[in-house]
Structure formats: C-alpha cells, structure tokens
file data.cif (mmCIF, C-alpha atoms (C1' of nucleotides) and all ligand atoms)
data_input
loop_
_atom_site.label_atom_id
_atom_site.label_comp_id
_atom_site.auth_asym_id
_atom_site.auth_seq_id
_atom_site.Cartn_x
_atom_site.Cartn_y
_atom_site.Cartn_z
CA MET A 1 116.68 107.47 128.01
CA THR A 2 120.38 106.74 127.46
CA ASP A 3 120.67 108.84 124.36
CA ALA A 4 123.78 107.63 122.63
CA THR A 5 124.56 110.98 121.08
CA VAL A 6 125.47 112.62 124.36
CA LEU A 7 128.25 110.16 125.15
CA GLN A 8 131.80 110.05 123.91
CA PRO A 9 131.91 107.34 121.23
CA SER A 10 134.77 105.47 122.87
CA ALA A 11 133.03 105.74 126.22
CA MET A 12 129.80 104.23 125.01
CA LEU A 13 131.68 101.39 123.35
CA ARG A 14 133.67 100.54 126.45
CA ARG A 15 130.60 100.85 128.63
CA ALA A 16 128.97 98.20 126.45
CA GLY A 17 131.95 95.91 126.94
CA LEU A 18 133.25 96.42 123.43
CA ARG A 19 136.76 97.19 122.25
CA VAL A 20 137.31 100.63 120.85
CA THR A 21 138.33 100.10 117.24
CA GLN A 22 138.78 102.21 114.16
CA PRO A 23 135.81 100.77 112.25
CA ARG A 24 133.51 101.29 115.22
CA LEU A 25 134.57 104.88 115.70
CA ALA A 26 134.24 105.49 111.99
CA VAL A 27 130.72 104.04 111.89
CA LEU A 28 129.59 105.95 114.97
CA ASP A 29 130.89 109.11 113.40
CA ALA A 30 129.14 108.31 110.14
CA LEU A 31 125.89 107.65 111.99
CA ALA A 32 126.12 110.98 113.79
CA ARG A 33 126.49 112.77 110.48
CA HIS A 34 123.88 110.74 108.58
CA PRO A 35 120.80 109.87 110.60
CA HIS A 36 118.58 107.21 108.94
CA ALA A 37 121.28 106.45 106.39
CA ALA A 38 121.39 103.19 104.50
CA THR A 39 124.36 100.87 104.82
CA ASP A 40 126.02 101.90 101.59
CA VAL A 41 125.91 105.54 102.64
CA LEU A 42 127.40 104.66 105.99
CA ILE A 43 130.17 102.70 104.30
CA ALA A 44 131.02 105.67 102.13
CA ALA A 45 130.84 108.08 105.05
CA ALA A 46 132.95 105.85 107.27
CA ARG A 47 135.62 105.69 104.59
CA GLU A 48 135.91 109.46 104.58
CA THR A 49 137.29 109.10 108.09
CA ARG A 50 139.15 105.81 108.27
CA SER A 51 139.95 102.90 105.99
CA VAL A 52 137.22 100.35 106.64
CA SER A 53 135.97 97.29 104.81
CA HIS A 54 132.34 96.99 103.94
CA GLN A 55 132.12 93.82 105.99
CA ALA A 56 133.45 95.64 109.05
CA VAL A 57 130.64 98.16 108.72
CA TYR A 58 128.08 95.38 108.55
CA ASP A 59 129.67 93.71 111.57
CA VAL A 60 129.75 96.92 113.56
CA LEU A 61 126.14 97.72 112.76
CA HIS A 62 125.09 94.26 113.85
CA THR A 63 127.03 94.40 117.06
CA LEU A 64 125.81 97.86 117.95
CA SER A 65 122.18 97.22 117.14
CA ASP A 66 122.21 93.90 118.95
CA LEU A 67 123.43 95.74 122.03
CA GLY A 68 120.90 98.49 121.51
CA LEU A 69 123.46 101.23 120.89
CA VAL A 70 121.98 101.97 117.49
CA ARG A 71 118.54 101.41 116.07
CA ARG A 72 117.90 99.65 112.79
CA ILE A 73 114.77 100.53 110.82
CA GLN A 74 113.59 99.12 107.55
CA PRO A 75 110.59 100.80 105.96
CA ALA A 76 108.89 98.39 103.54
CA GLY A 77 110.66 98.36 100.20
CA SER A 78 113.78 100.00 101.54
CA VAL A 79 117.12 98.67 102.59
CA ALA A 80 118.11 98.77 106.27
CA ARG A 81 118.69 102.19 107.78
CA TYR A 82 120.38 103.09 111.05
CA GLU A 83 120.29 105.83 113.65
CA LEU A 84 121.78 106.74 117.01
CA ARG A 85 118.50 107.82 118.57
CA VAL A 86 117.62 104.82 120.70
CA GLY A 87 115.50 104.08 123.72
CA ASP A 88 112.95 106.83 123.18
CA ASN A 89 110.49 104.76 121.15
CA HIS A 90 110.10 107.41 118.51
CA HIS A 91 108.38 106.88 115.19
CA HIS A 92 108.98 107.75 111.55
CA VAL A 93 107.42 109.59 108.67
CA VAL A 94 108.46 108.20 105.30
CA CYS A 95 108.00 109.79 101.88
CA ARG A 96 106.67 107.25 99.39
CA SER A 97 108.36 109.08 96.54
CA CYS A 98 111.88 110.01 97.64
CA GLY A 99 112.15 107.72 100.66
CA ASP A 100 113.09 110.50 103.02
CA VAL A 101 112.71 109.64 106.72
CA VAL A 102 111.81 112.09 109.48
CA ASP A 103 111.61 111.50 113.21
CA ILE A 104 108.37 111.92 115.12
CA ASP A 105 108.40 111.79 118.91
CA CYS A 106 106.06 109.25 120.35
CA ALA A 107 103.09 111.10 121.79
CA THR A 108 102.13 108.25 124.06
CA GLY A 109 105.52 107.64 125.65
CA SER A 110 107.36 104.41 126.19
CA ALA A 111 106.91 101.14 124.32
CA PRO A 112 104.47 99.64 123.55
CA CYS A 113 102.86 103.01 122.99
CA LEU A 114 99.77 101.39 121.51
CA ASP A 115 97.71 98.44 122.64
CA PRO A 116 95.86 96.34 120.09
CA SER A 117 92.42 95.83 121.59
CA GLU A 118 91.86 92.51 119.89
CA LEU A 119 95.20 90.98 120.82
CA ASP A 120 93.65 88.43 123.17
CA VAL A 121 91.08 87.45 120.55
CA HIS A 122 93.24 86.97 117.48
CA ALA A 123 96.62 86.25 119.04
CA PRO A 124 96.03 84.86 122.51
CA GLY A 125 99.13 84.53 124.65
CA PHE A 126 101.09 86.93 122.50
CA VAL A 127 103.71 88.88 124.48
CA LEU A 128 103.82 92.43 123.17
CA HIS A 129 107.14 94.30 123.11
CA GLU A 130 106.51 97.40 121.08
CA ALA A 131 104.27 99.06 118.56
CA GLU A 132 106.13 100.37 115.54
CA VAL A 133 104.36 103.19 113.77
CA THR A 134 105.34 104.29 110.28
CA TYR A 135 103.57 107.21 108.70
CA TRP A 136 103.47 107.09 104.90
CA GLY A 137 102.83 109.92 102.49
CA LEU A 138 104.61 112.53 100.44
CA CYS A 139 107.15 115.05 101.66
CA ALA A 140 106.62 118.71 100.84
CA THR A 141 109.03 118.59 97.91
CA CYS A 142 107.56 115.47 96.33
CA ALA A 143 103.99 116.56 96.96
CA GLY A 144 104.75 119.78 95.13
CA SER A 145 106.45 118.49 92.03
CA ALA A 146 104.09 116.74 89.62
CA GLU A 147 106.97 114.60 88.45
CA PRO A 148 108.07 112.98 91.69
CA GLN A 149 111.65 112.82 92.92
CA PRO A 150 113.88 109.83 92.17
CA ASP A 151 111.86 107.10 93.66
CA LEU A 152 112.51 104.64 96.46
CA THR A 153 109.60 102.57 97.63
CA ALA A 154 106.98 103.30 95.01
CA PRO A 155 104.29 100.71 95.52
CA SER A 156 101.98 103.67 95.04
CA ARG A 157 102.10 103.58 91.26
CA THR A 158 98.66 103.81 89.68
CA ALA A 159 99.14 101.95 86.44
CA SER A 160 99.78 98.34 85.56
CA SER A 161 102.77 96.09 85.60
CA ARG A 162 106.39 96.53 84.69
CA THR A 163 107.63 100.00 85.40
CA THR A 164 110.29 101.46 83.18
CA GLU A 165 111.80 103.80 85.73
CA LYS A 166 114.93 103.08 87.62
CA ARG A 167 115.12 103.37 91.34
CA LYS A 168 117.75 104.37 93.78
CA ASN A 169 118.09 103.77 97.46
CA ARG A 170 120.32 106.61 98.63
CA VAL A 171 119.86 108.98 101.48
CA MET B 1 85.45 98.23 102.14
CA THR B 2 85.69 96.38 98.81
CA ASP B 3 86.87 93.17 100.39
CA ALA B 4 88.49 91.20 97.62
CA THR B 5 87.66 87.86 99.17
CA VAL B 6 83.94 88.15 98.62
CA LEU B 7 84.27 88.51 94.86
CA GLN B 8 84.74 85.84 92.25
CA PRO B 9 88.44 85.92 91.27
CA SER B 10 87.74 86.33 87.57
CA ALA B 11 85.20 89.02 88.34
CA MET B 12 87.60 91.10 90.38
CA LEU B 13 90.23 90.81 87.67
CA ARG B 14 87.89 91.91 84.93
CA ARG B 15 86.52 94.71 87.06
CA ALA B 16 90.06 96.02 87.39
CA GLY B 17 90.48 95.97 83.62
CA LEU B 18 92.77 92.95 83.69
CA ARG B 19 92.65 89.84 81.58
CA VAL B 20 91.69 86.66 83.34
CA THR B 21 94.70 84.40 83.02
CA GLN B 22 95.86 81.14 84.50
CA PRO B 23 98.74 82.63 86.52
CA ARG B 24 96.47 85.29 88.00
CA LEU B 25 93.83 82.79 89.02
CA ALA B 26 96.48 80.53 90.47
CA VAL B 27 98.00 83.34 92.52
CA LEU B 28 94.63 84.57 93.77
CA ASP B 29 93.82 81.04 94.82
CA ALA B 30 97.18 80.70 96.54
CA LEU B 31 96.63 83.99 98.36
CA ALA B 32 93.24 82.87 99.57
CA ARG B 33 94.75 79.72 101.02
CA HIS B 34 97.88 81.38 102.45
CA PRO B 35 97.30 84.79 103.97
CA HIS B 36 100.52 86.74 104.69
CA ALA B 37 102.56 84.23 102.70
CA ALA B 38 105.94 85.07 101.25
CA THR B 39 106.53 84.93 97.52
CA ASP B 40 108.23 81.56 97.51
CA VAL B 41 105.30 80.02 99.34
CA LEU B 42 102.88 81.57 96.88
CA ILE B 43 104.91 80.23 93.97
CA ALA B 44 104.75 76.74 95.42
CA ALA B 45 101.06 77.04 96.22
CA ALA B 46 100.23 78.42 92.78
CA ARG B 47 102.01 75.48 91.18
CA GLU B 48 99.76 73.03 93.01
CA THR B 49 96.94 74.43 90.90
CA ARG B 50 98.38 75.45 87.54
CA SER B 51 101.73 75.48 85.81
CA VAL B 52 103.19 78.91 86.48
CA SER B 53 106.65 80.43 86.23
CA HIS B 54 108.16 82.19 89.19
CA GLN B 55 108.41 85.35 87.14
CA ALA B 56 104.70 85.23 86.36
CA VAL B 57 103.95 85.13 90.07
CA TYR B 58 106.13 88.18 90.64
CA ASP B 59 104.46 89.95 87.74
CA VAL B 60 100.99 89.11 88.99
CA LEU B 61 101.77 90.24 92.52
CA HIS B 62 103.08 93.53 91.20
CA THR B 63 100.11 94.14 88.98
CA LEU B 64 97.60 93.26 91.65
CA SER B 65 99.22 95.25 94.42
CA ASP B 66 99.71 98.25 92.15
CA LEU B 67 96.00 98.18 91.47
CA GLY B 68 95.21 97.66 95.13
CA LEU B 69 93.68 94.22 94.71
CA VAL B 70 96.20 92.70 97.09
CA ARG B 71 98.23 94.23 99.89
CA ARG B 72 101.96 93.84 100.20
CA ILE B 73 103.53 94.00 103.64
CA GLN B 74 107.16 93.70 104.59
CA PRO B 75 107.92 93.53 108.30
CA ALA B 76 111.50 94.62 108.92
CA GLY B 77 113.92 91.79 108.28
CA SER B 78 111.39 89.74 106.35
CA VAL B 79 110.78 89.19 102.67
CA ALA B 80 107.64 90.59 101.07
CA ARG B 81 104.36 89.05 102.12
CA TYR B 82 100.95 89.38 100.49
CA GLU B 83 97.30 89.22 101.47
CA LEU B 84 93.85 89.67 99.98
CA ARG B 85 92.50 91.77 102.85
CA VAL B 86 92.68 95.27 101.43
CA GLY B 87 91.04 98.58 102.03
CA ASP B 88 90.27 98.08 105.70
CA ASN B 89 93.48 99.62 107.02
CA HIS B 90 94.11 96.75 109.38
CA HIS B 91 97.36 96.23 111.24
CA HIS B 92 99.68 93.35 112.08
CA VAL B 93 101.14 91.54 115.01
CA VAL B 94 104.48 89.92 114.21
CA CYS B 95 106.36 87.34 116.26
CA ARG B 96 110.03 88.26 116.53
CA SER B 97 110.98 84.62 116.84
CA CYS B 98 109.01 82.64 114.26
CA GLY B 99 107.88 85.55 112.08
CA ASP B 100 104.23 84.63 112.28
CA VAL B 101 101.84 87.41 111.24
CA VAL B 102 98.36 87.95 112.65
CA ASP B 103 95.75 90.52 111.65
CA ILE B 104 94.52 93.17 114.04
CA ASP B 105 91.54 95.30 113.08
CA CYS B 106 92.21 99.00 113.23
CA ALA B 107 90.49 100.38 116.29
CA THR B 108 90.36 103.90 114.94
CA GLY B 109 88.93 103.15 111.53
CA SER B 110 90.08 104.39 108.16
CA ALA B 111 93.51 105.62 107.16
CA PRO B 112 95.39 107.48 108.48
CA CYS B 113 94.17 106.05 111.74
CA LEU B 114 96.81 107.98 113.69
CA ASP B 115 97.97 111.55 113.43
CA PRO B 116 101.50 112.52 114.38
CA SER B 117 101.15 115.63 116.49
CA GLU B 118 104.50 117.07 115.49
CA LEU B 119 104.09 116.58 111.76
CA ASP B 120 103.91 120.29 111.03
CA VAL B 121 106.99 120.94 113.11
CA HIS B 122 109.37 118.30 111.83
CA ALA B 123 107.96 117.63 108.38
CA PRO B 124 106.06 120.71 107.29
CA GLY B 125 104.03 120.28 104.12
CA PHE B 126 104.07 116.52 104.37
CA VAL B 127 100.95 114.90 102.92
CA LEU B 128 99.95 111.98 105.10
CA HIS B 129 98.38 108.89 103.49
CA GLU B 130 98.35 106.26 106.18
CA ALA B 131 99.77 105.16 109.48
CA GLU B 132 101.13 101.65 109.40
CA VAL B 133 101.24 99.96 112.78
CA THR B 134 103.26 96.83 113.41
CA TYR B 135 103.12 95.20 116.80
CA TRP B 136 106.24 93.24 117.71
CA GLY B 137 106.62 90.56 120.34
CA LEU B 138 106.45 86.82 120.81
CA CYS B 139 103.62 84.54 119.86
CA ALA B 140 102.22 82.19 122.47
CA THR B 141 104.25 79.25 121.18
CA CYS B 142 107.56 81.10 121.03
CA ALA B 143 107.00 82.85 124.34
CA GLY B 144 106.47 79.46 125.92
CA SER B 145 109.39 77.53 124.58
CA ALA B 146 112.74 78.58 126.07
CA GLU B 147 114.44 77.58 122.85
CA PRO B 148 112.61 79.75 120.34
CA GLN B 149 111.17 78.47 117.10
CA PRO B 150 113.13 78.53 113.85
CA ASP B 151 113.88 82.17 113.54
CA LEU B 152 112.94 84.85 111.02
CA THR B 153 113.62 88.40 112.00
CA ALA B 154 115.74 88.04 115.12
CA PRO B 155 117.25 91.44 115.72
CA SER B 156 116.47 90.68 119.33
CA ARG B 157 119.63 88.70 119.95
CA THR B 158 121.36 89.68 123.19
CA ALA B 159 124.97 88.78 122.52
CA SER B 160 127.69 90.20 120.31
CA SER B 161 128.48 89.95 116.65
CA ARG B 162 128.30 87.17 114.15
CA THR B 163 125.62 84.64 114.93
CA THR B 164 126.18 81.02 114.10
CA GLU B 165 122.55 80.06 113.61
CA LYS B 166 120.88 79.62 110.32
CA ARG B 167 117.65 81.31 109.46
CA LYS B 168 114.68 80.52 107.33
CA ASN B 169 112.03 82.74 105.83
CA ARG B 170 109.08 80.47 105.36
CA VAL B 171 105.47 80.91 106.34
"C1'" DC C 1 88.39 82.56 63.79
"C1'" DC C 2 91.91 86.24 63.25
"C1'" DC C 3 94.50 90.09 64.90
"C1'" DT C 4 96.17 93.06 68.37
"C1'" DT C 5 97.65 93.65 72.74
"C1'" DT C 6 98.63 92.04 77.02
"C1'" DT C 7 100.75 88.70 79.58
"C1'" DC C 8 103.96 84.94 80.34
"C1'" DC C 9 108.22 82.44 80.10
"C1'" DG C 10 113.22 81.13 80.68
"C1'" DG C 11 117.40 82.62 81.61
"C1'" DA C 12 120.65 85.93 82.80
"C1'" DA C 13 121.70 89.55 85.87
"C1'" DC C 14 121.59 92.29 90.06
"C1'" DG C 15 122.30 94.06 94.82
"C1'" DA C 16 122.07 93.77 99.70
"C1'" DG C 17 123.70 91.08 102.87
"C1'" DT C 18 126.26 86.80 104.63
"C1'" DC C 19 129.91 83.14 105.25
"C1'" DA C 20 134.58 81.71 106.06
"C1'" DA C 21 139.32 81.67 107.42
"C1'" DG C 22 143.35 83.77 108.14
"C1'" DA C 23 145.60 88.32 109.46
"C1'" DC C 24 145.44 91.82 112.69
"C1'" DA C 25 145.22 94.86 116.72
"C1'" DA C 26 142.88 96.03 121.46
"C1'" DC C 27 143.39 95.23 125.89
"C1'" DC C 28 145.43 92.91 129.91
"C1'" DG C 29 148.86 91.23 132.87
"C1'" DG C 30 153.42 91.15 133.92
"C1'" DC D 1 156.85 98.91 127.84
"C1'" DC D 2 156.18 94.09 125.79
"C1'" DG D 3 154.15 89.92 124.37
"C1'" DG D 4 150.06 86.77 124.52
"C1'" DT D 5 145.01 86.16 124.19
"C1'" DT D 6 140.97 87.14 122.26
"C1'" DG D 7 137.90 89.65 119.88
"C1'" DT D 8 137.78 92.11 115.62
"C1'" DC D 9 138.84 93.06 110.55
"C1'" DT D 10 139.93 91.92 105.86
"C1'" DT D 11 139.27 89.74 101.53
"C1'" DG D 12 136.76 87.40 98.42
"C1'" DA D 13 133.50 84.10 97.37
"C1'" DC D 14 128.80 83.26 97.71
"C1'" DT D 15 123.49 83.18 98.74
"C1'" DC D 16 118.98 84.65 98.06
"C1'" DG D 17 115.08 87.39 96.74
"C1'" DT D 18 113.99 90.04 93.12
"C1'" DT D 19 114.34 92.34 88.60
"C1'" DC D 20 115.62 92.85 83.62
"C1'" DC D 21 115.21 91.21 78.89
"C1'" DG D 22 113.18 89.78 74.61
"C1'" DG D 23 110.84 86.33 72.29
"C1'" DA D 24 106.65 83.23 72.67
"C1'" DA D 25 102.10 82.43 74.07
"C1'" DA D 26 97.18 83.34 74.95
"C1'" DA D 27 93.20 86.57 76.01
"C1'" DG D 28 89.58 89.03 74.20
"C1'" DG D 29 87.28 92.06 70.76
"C1'" DG D 30 85.61 92.31 66.14
MN MN E 1 114.56 107.99 113.77
MN MN E 2 96.87 91.23 107.22
ZN ZN E 3 109.85 113.03 99.09
ZN ZN E 4 106.44 82.80 117.20
#
call {"tool": "encode", "arguments": {"input": "data.cif", "output": "structure tokens"}}
result
Amino acid sequence: MTDATVLQPSAMLRRAGLRVTQPRLAVLDALARHPHAATDVLIAAARETRSVSHQAVYDVLHTLSDLGLVRRIQPAGSVARYELRVGDNHHHVVCRSCGDVVDIDCATGSAPCLDPSELDVHAPGFVLHEAEVTYWGLCATCAGSAEPQPDLTAPSRTASSRTTEKRKNRV
Amino acid sequence: MTDATVLQPSAMLRRAGLRVTQPRLAVLDALARHPHAATDVLIAAARETRSVSHQAVYDVLHTLSDLGLVRRIQPAGSVARYELRVGDNHHHVVCRSCGDVVDIDCATGSAPCLDPSELDVHAPGFVLHEAEVTYWGLCATCAGSAEPQPDLTAPSRTASSRTTEKRKNRV
DNA sequence: CCCTTTTCCGGAACGAGTCAAGACAACCGG
DNA sequence: CCGGTTGTCTTGACTCGTTCCGGAAAAGGG
C-alpha cells in the first residue's frame, strides 16, 4: 500500500517521527533516481545533491529500512541494494552476469505469497512472515553477447577454481 | 537428481575430473556433518579431521560449487553457507532471529519452479534459469522466547537507528 | 619412481560495513 | 525569534569475511 514514492520526502519522514535532515533528503532523492542501487552508488548520488558523509548514508538507510520506508534487498553474492517500493511484496529478476535487477509484481498478492507445504513437517512451529522470490538468469543484453558483461555474482562459471577476471558491483 | 550424498566422496571428486586431496575430503566430510554451515564453521569442522588452511577451504568450496557438487546459499544479511544437497531445486526457510536454515522440498519440481508472469513486459529477452524461494519468519524456539535468540540477520528491528546489540554469524 | 600439473599454503591485502565520541542542527517551548 | 534538548552527523579507526599472490607441496599418469 503506502507507496513511499507518492509522498513528499519531508512529509514521509515527519510522519514516521523522524527529523527532516539534509542527509535523509539527499538519500531519498538518490533512491528515487536509482532504484535497486548499491550503497556506494547512493553515496555518490547523494553527494551530487548535498554534502553527506558515507556514514550518514549508512545510518539513514538503516533508519529508513528499519521503519519500513525503504526496502533492502541483497541478492546472493551482491552487496546490499535499496529501493523505495515497499509494502507491495514484489519480487526480483536478477541477471547472473551483469547483476541487473528488475521488479516483478507478485502474482499472488500480499505476503507470504507462497506457502511451503512441508513447513509443519520440517520446521514445526515456524512462524512464516514472507516468501522472498528471486528469479535468476541472464538479461537480454548478457544472453546475447557471448562474452558476458562485467560480472557481478558469477557463481555460474563452468570451469575450475581461481578466476582471473575482476568483478565490479556497480549499478 | 545426482544427490551428492549417496556417492563416495573420492568417487564424486574423480568423476568431476578433480584430484582427490586431503582438503577436499575434509571439506566434504565437514559439509556432510554440517548442512547449511558458514565457511568459518566448515573450516573448524574440516580441521577436526585433517590439517587444512583456511584458504584451502575457500578454494575447495569455490571449485566444488563452480562444478555444481555443492550448493552455495546466502540469505540476505548472512555470510555464505554451503550444502551437499544439489540438483533438486529445493528451497529454504530462514529464521530472522537465530538465522537457522531448514530445507523445504520444491512443491513444483524442477527449476525454474515458478514463472514470473510479467517477465516479457518488464524484462523482455531475459533467459530464466531458476526461481530461488526463501521463506522468512521465526523458528519455533525464537517465536516462543520473548527475548529472541542470539541474532543473525535482524533487519526486523522496530526502533530507530544504531543498535547497541552485538551479532554473531555462527551455525 | 619421476615429472608435470594441479592444488595448497601463509601472509598480505581488500572492501563493505560498523563502532565511537564529539560536533552539530532540528525541533520545541518560551 | 532565541536558546536548550535531543536526535543526528562527522571523522577516522577498525572489524570481518573473503580474495589476491607466489612459492611449496602432493596427486596422478607414464
Ligand atoms: Mn524492487
Ligand atoms: Mn538446503
Ligand atoms: Zn545482464
Ligand atoms: Zn530462530
């Protein structure tokens, strides 16, 4: 429901009982412009607007995600990413090669959208909150090019041990 | 299918074209005894058997997961965890409080067990490999105790910014 | 048993994220 | 409009899991 994007940044902060500060406005602005961005990207983006310390960005992201104003996702092998789309229990498609993340509306509806049939058998008494679904594969670009894009998660390598390639975790 | 656990360790190594070495046997043994264990636990467990360097364990885990002999999972906010159950596309239930991981058979069958309806719309040309499902909630123990167990992932905190508690990432 | 190739080792390095303590600035009440 | 009270930011050091490096060791084929 309460889609954060429709509210005035300062309004949504105050409504959550938070002070309206420069770092928070800067981060909210950065989030609006960079959905699913990693922290370092958000830091850079926030600095385009205001002067903010990296620690402030971390603090803001913690505060906001603890209060549910932003969502934090962390596809395996990636650093934390953040988005303003909250409360709609949507899912994500992630490219194994370039790490790109795309939203997918939840077909089933609200959380938990899926129910593990064997829950009672293998984890009796477990209280289920949500089912997180991550679709893995290759985006159109990466699927096309034989030589994949600068990699991100890459557990999908065919060969043996130590890879020589570098990796980068940008957006 | 090819459930790793039913094969002799040395056999499955050789069948994958790998040399049978002490570190690899030690890690396979550790994995058998500690499903879903984090790397540090596996290092400790492997050392109970043979003398192995931490780097060797990392190398082995990379080699084996690259070849698909072990599976690597990484629930958001946790370090990497490994298991021998591969190729059956099973899913996981994770306790938000203590970080405990439990297997859940995939009801649908083989990967990708789920199909995002809007794939073509929002990510046209995307080649789907698998759908990873992670169920989040509280295990019976943690749901019972008001004061939750030593924490692991804990994005579920209600209050504001900087938490005072410590955390630990064990199995 | 020797040689080649793979694998392992120890140590240094790295990067995302955290801790800590003092400076600062929102907001409130006057 | 001002000054005090908190909650928030800054700076800089630091932790922890993991990776990089290059020489040493050992697996396996001949
Ligand atoms: Mn999203
Ligand atoms: Mn499992
Ligand atoms: Zn891609
Ligand atoms: Zn628990």
call {"tool": "interface_residues", "arguments": {"input": "data.cif", "of": "chain D", "to": "chain B", "cutoff": "10 Å", "atoms": "all atoms listed in the file", "output": "MDAnalysis selection string"}}
result
chainID D and resid 7:8 17:19 26:28
call {"tool": "closest_atom_pairs", "arguments": {"input": "data.cif", "of": "chain B", "to": "ligand ZN 3 (chain E)", "cutoff": "12 Å", "atoms": "only C-alpha atoms and all ligand atoms", "output": "tab-separated table"}}
result
residue	atom	partner	partner_atom	distance
B:Ala123	CA	E:ZN3	ZN	10.5
B:Pro124	CA	E:ZN3	ZN	11.9
B:Gly125	CA	E:ZN3	ZN	10.6
B:Phe126	CA	E:ZN3	ZN	8.6
B:Val127	CA	E:ZN3	ZN	9.9
B:Leu128	CA	E:ZN3	ZN	11.6
call {"tool": "closest_residue", "arguments": {"input": "data.cif", "among": "C:DA13, C:DG30, C:DA23, C:DT6", "to": "chain A", "atoms": "all atoms listed in the file"}}
result
C:DT6
call {"tool": "residues_around", "arguments": {"input": "data.cif", "residues": "DT6 (chain D)", "least_positions_apart": "4", "cutoff": "12 Å", "atoms": "all atoms listed in the file", "output": "list in words"}}
result
Arg19 of chain A; DC24, DA25, DA26, DC27 and DC28 of chain C
call {"tool": "residues_around", "arguments": {"input": "data.cif", "residues": "DG29 (chain D)", "least_positions_apart": "5", "cutoff": "12 Å", "atoms": "only C-alpha atoms (C1' of nucleotides)", "output": "PyMOL selection string"}}
result
chain C and resi 1-5
call {"tool": "interface_residues", "arguments": {"input": "data.cif", "of": "chain C", "to": "chain B", "cutoff": "9 Å", "atoms": "all atoms listed in the file", "output": "NGL selection string"}}
result
:C and (6-10)
call {"tool": "closest_residue", "arguments": {"input": "data.cif", "among": "A:Glu48, A:Asp66, A:Asp88, A:Asp120", "to": "chain B", "atoms": "only C-alpha atoms"}}
result
A:Asp66
call {"tool": "residues_around", "arguments": {"input": "data.cif", "residues": "Ala131 (chain B)", "least_positions_apart": "3", "cutoff": "6 Å", "atoms": "all atoms listed in the file", "output": "PyMOL selection string"}}
result
(chain A and resi 134-135) or (chain B and resi 112+114)
call {"tool": "interface_residues", "arguments": {"input": "data.cif", "of": "chain B", "to": "chain A", "cutoff": "8 Å", "atoms": "all atoms listed in the file", "output": "PyMOL selection string"}}
result
chain B and resi 59-60+62-63+65-67+73-77+102-105+107+116-119+122-140+143+155-162
call {"tool": "closest_residue", "arguments": {"input": "data.cif", "among": "B:Ala38, B:Val70, B:Ala45, B:Cys98", "to": "ligand ZN 4 (chain E)", "atoms": "only C-alpha atoms and all ligand atoms"}}
result
B:Cys98
